[in-house]
Amino acid sequence: MRNEQIIADTEDYKERFSLALGRVREIPEEKRVREPFRAWFEQEAAFLSDMAELMLKKERGEFRDASLEELREQNHSMYRDILPENYGKSFGNPDFSADILGEDYGQLFSFLYMELRGTIVYAFEDRVWDMLISLEIFLEVYQLFTDGELPEPELIRESLYWYCSDYSAEMMDRRTRECLDPGLSFARDIIMKEDIGDLRYLYRFGEYVTENEEQTALFLNTLSEEEIASIARTWTEGYRIGFEVGRKDIRKKKTVNIRYRLGFERVVRQAVLQFREMGLESIIYRSATHAVNKRQHLRIGYYGAVPNPQFEYDHRNDAGIFLDEKFVTRKLQGLRAAYEKYKDLAKVHGGPACMEVFGETPFTPAESQHSCALTEEQQKEQVRYNNEAGQITNRYIIGSERSFTIIAYPVPAIGERFRDIFRETVKINNLDYRKYQKIQQKLIDALDQGTAVRVRGMNGNCTDLRVALHTLTDPEHQTNFENCVADVNIPVGEVFTSPVLKGTNGVLNVSRVYLGEFQYRDLKIEVRDGMVAGYSCGNFASEEANRRYIEENILFHHASLPMGECAIGTNTTAYRMAKIYGIADKLPILIAEKMGPHFAFGDTCYSWEEDNAVYNPDGKEIIARDNERSILRKTDPGKAYFGCHTDITIPYEELGSITVEKADGEEITLIRNGKFVLPGTEELNEPLKDLAESDMMNDVK
């Protein structure tokens, strides 16, 4: 078995690495494999040789003396093959791979191509073991082709399967340690020790770097130390206040995980120092590289520019190569063993502080005919893994003791008014929470009189939803809605609840929305007793492709999801910024959700913490922390949680009305024709007053 080797035996790995590298370097001269496969092996052998040589050069210190121009060229060369202009003839493209190598082989070789891309990271981080197993799986597959006959595709699939399965424990161990151990400080060392006035530091990470990242760093270098400290303080204080508001003791924690996009190192450096003042050391780990550790196309951790979103999307279901019941069981065993090994580190981990970016052109993927797809059985196994992995994680990083915070800033790709938009975003992230807290309480007081909330669309939006609310048995001391200001979820501006599922019915519709990295057009979700009962969008010509798009990226392979949240966004200042600068389609959901009512499908906002009492500033307990699915945690946790929470916002210009339905049949109108009409909330309309009606309609058209 491959995993009989002890990972700590570095010298043994270096010897094996040297032998494997020597063998890889011989391949281009051998000509032992027939075309068209020879071209694939020769190309990948050259790439692996280059990455191994890069690792050796870094070890010798040669890399540090390169000029900025040399570093740019080297960085571009590592990612050139998958850039959009070259992707049509890249073996990383499953369709091209299938066209050249045949349908039976193309998908397998495209998977291996993607897995070997991780050697870029291993070279920069000097991860000998990861580099070694990459070389060895390449050589193992190569050997299958050297006797002059084409091997059966199943033999290749078996090699890839056992590579993933046999090494899953080691991969899970490394990934878990990365998430918990501040001693793994590769990225933090660059951030804290390099001269970040010298843009060459960006190329020390091994991530793809574009003008966008360079210009972000250059812009931040123009700001004063006080401005940078203030930007960082908004972020770190949000994290600290999250513990305070949740009545959790931050003094029990020793680490915080920082997740961000390259270019913001000056802010991150300040954040590291500010967290240290709180007694927290920062853990900054990279988004996953091994297929075993990835979650579809999502990048969890720090990362650079995405060379080609289509490449990432085409490989989102690469787990289809190896995912089965035995693999999932083994991976769960590996995760459990890793957490047990690092349980002392897990106990003192406080959770993530995330910084999102926005401004890049929204991505709408094209359908690939030969990408991996999960079978129905594999989808069930993926759901099983997500559910059980969530329970394992919560056992060691206790949900009731951890917190998080999340904030977002624009990047230069947003356009020539980037600097103005950045400064406006800083203002939005620092709005007076006391003003919003007071106004939002007016909304909550009205909402708490109701049995349901009715939401209707306008201007072509066919939304008509009735959301059932929990019954307050003691209205003097209880409330359904949380008065959310700027702590864990920055910027300020929403009230939210966990709906009662039974009786929550209707249709949610948005003309255009940007969720995660993907744009959706004319998205419609039918809700029946709080559960997703139907869905469609207008992204693709094929209805089947549209449904699959939603199933993979909103439902995450669940047959259905509950409505875990109903909220009303109140940040009309953010809405004004979006309209004035024409960037509504580029805002992340973090800001967009504050610009109208939104509904989240998946877990509630209180998942894993439902039994912890939560209070609003007025002292009332928020009792709507459960729904009919989450309450199953007491009898069958596997049916209670879904491991996802996707917010979908209706913008004000598509919002006809929000009304509160009372038990006696009376209604209280909160919003009519996109404007707040409840007495005491009219001030929220001020930022909207001088926006021309034509501007209000631009995005709808």
# chains A, B, ... in the order shown; residues from 1 in each chain; ligands from 1

call {"tool": "residues_around", "arguments": {"residues": "Gly263 (chain A)", "least_positions_apart": "5", "cutoff": "7 Å", "atoms": "only C-alpha atoms", "output": "PyMOL selection string"}}
result
chain A and resi 213-214+216-217

call {"tool": "residues_around", "arguments": {"residues": "Tyr79 (chain A)", "least_positions_apart": "3", "cutoff": "9 Å", "atoms": "only C-alpha atoms", "output": "ChimeraX atom specification"}}
result
/A:75-76,82-83,208,307

call {"tool": "write_last_selection", "arguments": {"atoms": "N, CA, C and O atoms", "output": "PDB file, in the first residue's frame"}}
result
ATOM      1  N   ASN A  75       5.560  33.402 -14.045  1.00  0.00           N
ATOM      2  CA  ASN A  75       4.212  33.169 -13.555  1.00  0.00           C
ATOM      3  C   ASN A  75       3.258  32.899 -14.714  1.00  0.00           C
ATOM      4  O   ASN A  75       2.444  31.963 -14.672  1.00  0.00           O
ATOM      5  N   HIS A  76       3.373  33.700 -15.758  1.00  0.00           N
ATOM      6  CA  HIS A  76       2.508  33.527 -16.923  1.00  0.00           C
ATOM      7  C   HIS A  76       2.755  32.169 -17.583  1.00  0.00           C
ATOM      8  O   HIS A  76       1.807  31.491 -18.011  1.00  0.00           O
ATOM      9  N   ILE A  82      -3.759  27.092 -19.638  1.00  0.00           N
ATOM     10  CA  ILE A  82      -5.182  27.061 -19.289  1.00  0.00           C
ATOM     11  C   ILE A  82      -5.858  28.423 -19.413  1.00  0.00           C
ATOM     12  O   ILE A  82      -7.045  28.551 -19.116  1.00  0.00           O
ATOM     13  N   LEU A  83      -5.118  29.450 -19.850  1.00  0.00           N
ATOM     14  CA  LEU A  83      -5.730  30.758 -20.030  1.00  0.00           C
ATOM     15  C   LEU A  83      -6.793  30.695 -21.131  1.00  0.00           C
ATOM     16  O   LEU A  83      -6.705  29.858 -22.040  1.00  0.00           O
ATOM     17  N   TYR A 208      -1.526  32.507  -9.399  1.00  0.00           N
ATOM     18  CA  TYR A 208      -1.556  33.285 -10.636  1.00  0.00           C
ATOM     19  C   TYR A 208      -1.735  34.761 -10.290  1.00  0.00           C
ATOM     20  O   TYR A 208      -2.575  35.126  -9.460  1.00  0.00           O
ATOM     21  N   PRO A 307      -7.058  31.837 -13.200  1.00  0.00           N
ATOM     22  CA  PRO A 307      -6.584  31.919 -14.593  1.00  0.00           C
ATOM     23  C   PRO A 307      -7.698  31.772 -15.618  1.00  0.00           C
ATOM     24  O   PRO A 307      -7.693  32.445 -16.647  1.00  0.00           O
TER      25      PRO A 307
END

call {"tool": "atom_distance", "arguments": {"atom1": "CA of Gly619 (chain A)", "atom2": "CA of Val245 (chain A)"}}
result
11.6 Å

call {"tool": "residues_around", "arguments": {"residues": "Thr659 (chain A)", "least_positions_apart": "5", "cutoff": "9 Å", "atoms": "only C-alpha atoms", "output": "short mmCIF file (atom, residue, chain, number, x, y, z; two decimals) with all heavy atoms, in the first residue's frame"}}
result
data_model
loop_
_atom_site.label_atom_id
_atom_site.label_comp_id
_atom_site.auth_asym_id
_atom_site.auth_seq_id
_atom_site.Cartn_x
_atom_site.Cartn_y
_atom_site.Cartn_z
N LEU A 447 -43.04 43.23 12.28
CA LEU A 447 -42.98 41.83 11.87
C LEU A 447 -43.43 40.89 12.98
O LEU A 447 -44.07 39.86 12.73
CB LEU A 447 -41.55 41.48 11.44
CG LEU A 447 -41.10 42.08 10.11
CD1 LEU A 447 -39.57 42.09 10.00
CD2 LEU A 447 -41.70 41.30 8.94
N ALA A 452 -47.30 35.71 9.27
CA ALA A 452 -46.60 35.44 8.01
C ALA A 452 -46.17 36.76 7.37
O ALA A 452 -46.67 37.83 7.72
CB ALA A 452 -47.49 34.66 7.05
N VAL A 453 -45.24 36.65 6.42
CA VAL A 453 -44.79 37.79 5.63
C VAL A 453 -45.10 37.49 4.17
O VAL A 453 -44.79 36.38 3.69
CB VAL A 453 -43.28 38.04 5.81
CG1 VAL A 453 -42.83 39.20 4.92
CG2 VAL A 453 -42.95 38.33 7.26
N ARG A 454 -45.68 38.44 3.47
CA ARG A 454 -46.00 38.27 2.05
C ARG A 454 -45.08 39.17 1.23
O ARG A 454 -44.98 40.37 1.48
CB ARG A 454 -47.47 38.63 1.80
CG ARG A 454 -47.97 38.33 0.40
CD ARG A 454 -48.21 36.84 0.18
NE ARG A 454 -48.77 36.54 -1.10
CZ ARG A 454 -50.09 36.45 -1.35
NH1 ARG A 454 -50.96 36.66 -0.37
NH2 ARG A 454 -50.52 36.14 -2.55
N VAL A 455 -44.43 38.59 0.25
CA VAL A 455 -43.49 39.31 -0.61
C VAL A 455 -43.94 39.17 -2.05
O VAL A 455 -44.13 38.05 -2.55
CB VAL A 455 -42.05 38.78 -0.45
CG1 VAL A 455 -41.09 39.59 -1.32
CG2 VAL A 455 -41.61 38.81 1.01
N ARG A 456 -44.10 40.32 -2.74
CA ARG A 456 -44.52 40.30 -4.14
C ARG A 456 -43.54 41.12 -4.98
O ARG A 456 -43.01 42.13 -4.51
CB ARG A 456 -45.93 40.88 -4.29
CG ARG A 456 -47.03 40.08 -3.60
CD ARG A 456 -48.39 40.75 -3.86
NE ARG A 456 -49.50 39.99 -3.32
CZ ARG A 456 -49.99 40.16 -2.09
NH1 ARG A 456 -49.43 41.06 -1.28
NH2 ARG A 456 -51.02 39.45 -1.67
N GLU A 667 -53.30 43.74 7.68
CA GLU A 667 -51.96 43.74 7.10
C GLU A 667 -51.21 45.02 7.45
O GLU A 667 -51.81 46.08 7.57
CB GLU A 667 -52.03 43.61 5.57
CG GLU A 667 -52.53 42.25 5.09
CD GLU A 667 -52.42 42.12 3.58
OE1 GLU A 667 -52.21 43.15 2.89
OE2 GLU A 667 -52.55 40.99 3.08
N ILE A 668 -49.89 44.88 7.63
CA ILE A 668 -49.02 46.02 7.85
C ILE A 668 -48.04 46.07 6.68
O ILE A 668 -47.30 45.10 6.45
CB ILE A 668 -48.23 45.90 9.17
CG1 ILE A 668 -49.18 45.71 10.35
CG2 ILE A 668 -47.35 47.13 9.38
CD1 ILE A 668 -48.45 45.39 11.65
N THR A 669 -48.03 47.15 5.95
CA THR A 669 -47.14 47.26 4.79
C THR A 669 -45.80 47.85 5.23
O THR A 669 -45.76 48.91 5.85
CB THR A 669 -47.76 48.14 3.70
OG1 THR A 669 -49.01 47.58 3.30
CG2 THR A 669 -46.84 48.21 2.48
N LEU A 670 -44.74 47.15 4.90
CA LEU A 670 -43.39 47.62 5.21
C LEU A 670 -42.76 48.33 4.03
O LEU A 670 -42.12 49.38 4.19
CB LEU A 670 -42.50 46.43 5.62
CG LEU A 670 -43.01 45.50 6.72
CD1 LEU A 670 -41.97 44.42 7.00
CD2 LEU A 670 -43.34 46.28 7.98
N ILE A 671 -42.92 47.75 2.84
CA ILE A 671 -42.33 48.30 1.61
C ILE A 671 -43.39 48.26 0.51
O ILE A 671 -44.10 47.26 0.36
CB ILE A 671 -41.09 47.50 1.17
CG1 ILE A 671 -39.97 47.62 2.22
CG2 ILE A 671 -40.58 47.97 -0.18
CD1 ILE A 671 -38.72 46.81 1.90
N ARG A 672 -43.47 49.35 -0.25
CA ARG A 672 -44.38 49.40 -1.40
C ARG A 672 -43.65 50.04 -2.56
O ARG A 672 -43.04 51.10 -2.41
CB ARG A 672 -45.65 50.19 -1.07
CG ARG A 672 -46.67 50.18 -2.22
CD ARG A 672 -47.86 51.09 -1.94
NE ARG A 672 -48.58 50.68 -0.74
CZ ARG A 672 -48.71 51.44 0.34
NH1 ARG A 672 -48.15 52.65 0.37
NH2 ARG A 672 -49.38 51.01 1.39
#

call {"tool": "closest_residue", "arguments": {"among": "A:Lys634, A:Arg188, A:Arg521, A:Arg157", "to": "Ile258 (chain A)", "atoms": "only C-alpha atoms"}}
result
A:Arg188

call {"tool": "select_by_dssp", "arguments": {"residues": "region 470-603 of chain A", "states": "strand (DSSP E or B)", "output": "PyMOL selection string"}}
result
chain A and resi 478-479+482-484+489+494-497+500-515+518-528+531-536+562-569+597-602

call {"tool": "residues_around", "arguments": {"residues": "Gly118 (chain A)", "least_positions_apart": "5", "cutoff": "9 Å", "atoms": "only C-alpha atoms", "output": "PyMOL selection string"}}
result
chain A and resi 123+130-131+134+288-290

call {"tool": "closest_residue", "arguments": {"among": "A:Ile250, A:Val268, A:Ala545, A:Val467", "to": "Glu401 (chain A)", "atoms": "only C-alpha atoms"}}
result
A:Ile250

call {"tool": "residues_around", "arguments": {"residues": "Asp318 (chain A)", "least_positions_apart": "3", "cutoff": "7 Å", "atoms": "only C-alpha atoms", "output": "list in words"}}
result
Phe111, His315, Ile321 and Cys372 of chain A

call {"tool": "residues_around", "arguments": {"residues": "Gly503 (chain A)", "least_positions_apart": "5", "cutoff": "10 Å", "atoms": "only C-alpha atoms", "output": "ChimeraX atom specification"}}
result
/A:452,466-469,527-530

call {"tool": "residues_around", "arguments": {"residues": "region 375-385 of chain A", "least_positions_apart": "4", "cutoff": "7 Å", "atoms": "only C-alpha atoms", "output": "number ranges by chain"}}
result
A: 323-325, 328, 389, 557-558

call {"tool": "write_last_selection", "arguments": {"atoms": "N, CA and C atoms", "output": "PDB file, in the first residue's frame"}}
result
ATOM      1  N   LEU A 323     -15.249   8.861  -6.409  1.00  0.00           N
ATOM      2  CA  LEU A 323     -16.219   8.913  -5.315  1.00  0.00           C
ATOM      3  C   LEU A 323     -17.099   7.668  -5.285  1.00  0.00           C
ATOM      4  N   ASP A 324     -17.028   6.912  -4.197  1.00  0.00           N
ATOM      5  CA  ASP A 324     -17.945   5.807  -3.956  1.00  0.00           C
ATOM      6  C   ASP A 324     -18.073   5.606  -2.447  1.00  0.00           C
ATOM      7  N   GLU A 325     -18.872   4.651  -2.035  1.00  0.00           N
ATOM      8  CA  GLU A 325     -19.154   4.458  -0.611  1.00  0.00           C
ATOM      9  C   GLU A 325     -17.879   4.165   0.184  1.00  0.00           C
ATOM     10  N   VAL A 328     -15.707   7.381   0.511  1.00  0.00           N
ATOM     11  CA  VAL A 328     -16.275   8.334   1.465  1.00  0.00           C
ATOM     12  C   VAL A 328     -16.043   7.862   2.891  1.00  0.00           C
ATOM     13  N   ALA A 389     -19.077  15.021   7.740  1.00  0.00           N
ATOM     14  CA  ALA A 389     -17.887  15.848   7.946  1.00  0.00           C
ATOM     15  C   ALA A 389     -18.237  17.081   8.776  1.00  0.00           C
ATOM     16  N   HIS A 557     -26.508  19.182  -5.032  1.00  0.00           N
ATOM     17  CA  HIS A 557     -26.846  17.768  -5.208  1.00  0.00           C
ATOM     18  C   HIS A 557     -27.882  17.243  -4.220  1.00  0.00           C
ATOM     19  N   HIS A 558     -28.459  18.098  -3.383  1.00  0.00           N
ATOM     20  CA  HIS A 558     -29.567  17.668  -2.534  1.00  0.00           C
ATOM     21  C   HIS A 558     -30.822  17.601  -3.402  1.00  0.00           C
TER      22      HIS A 558
END
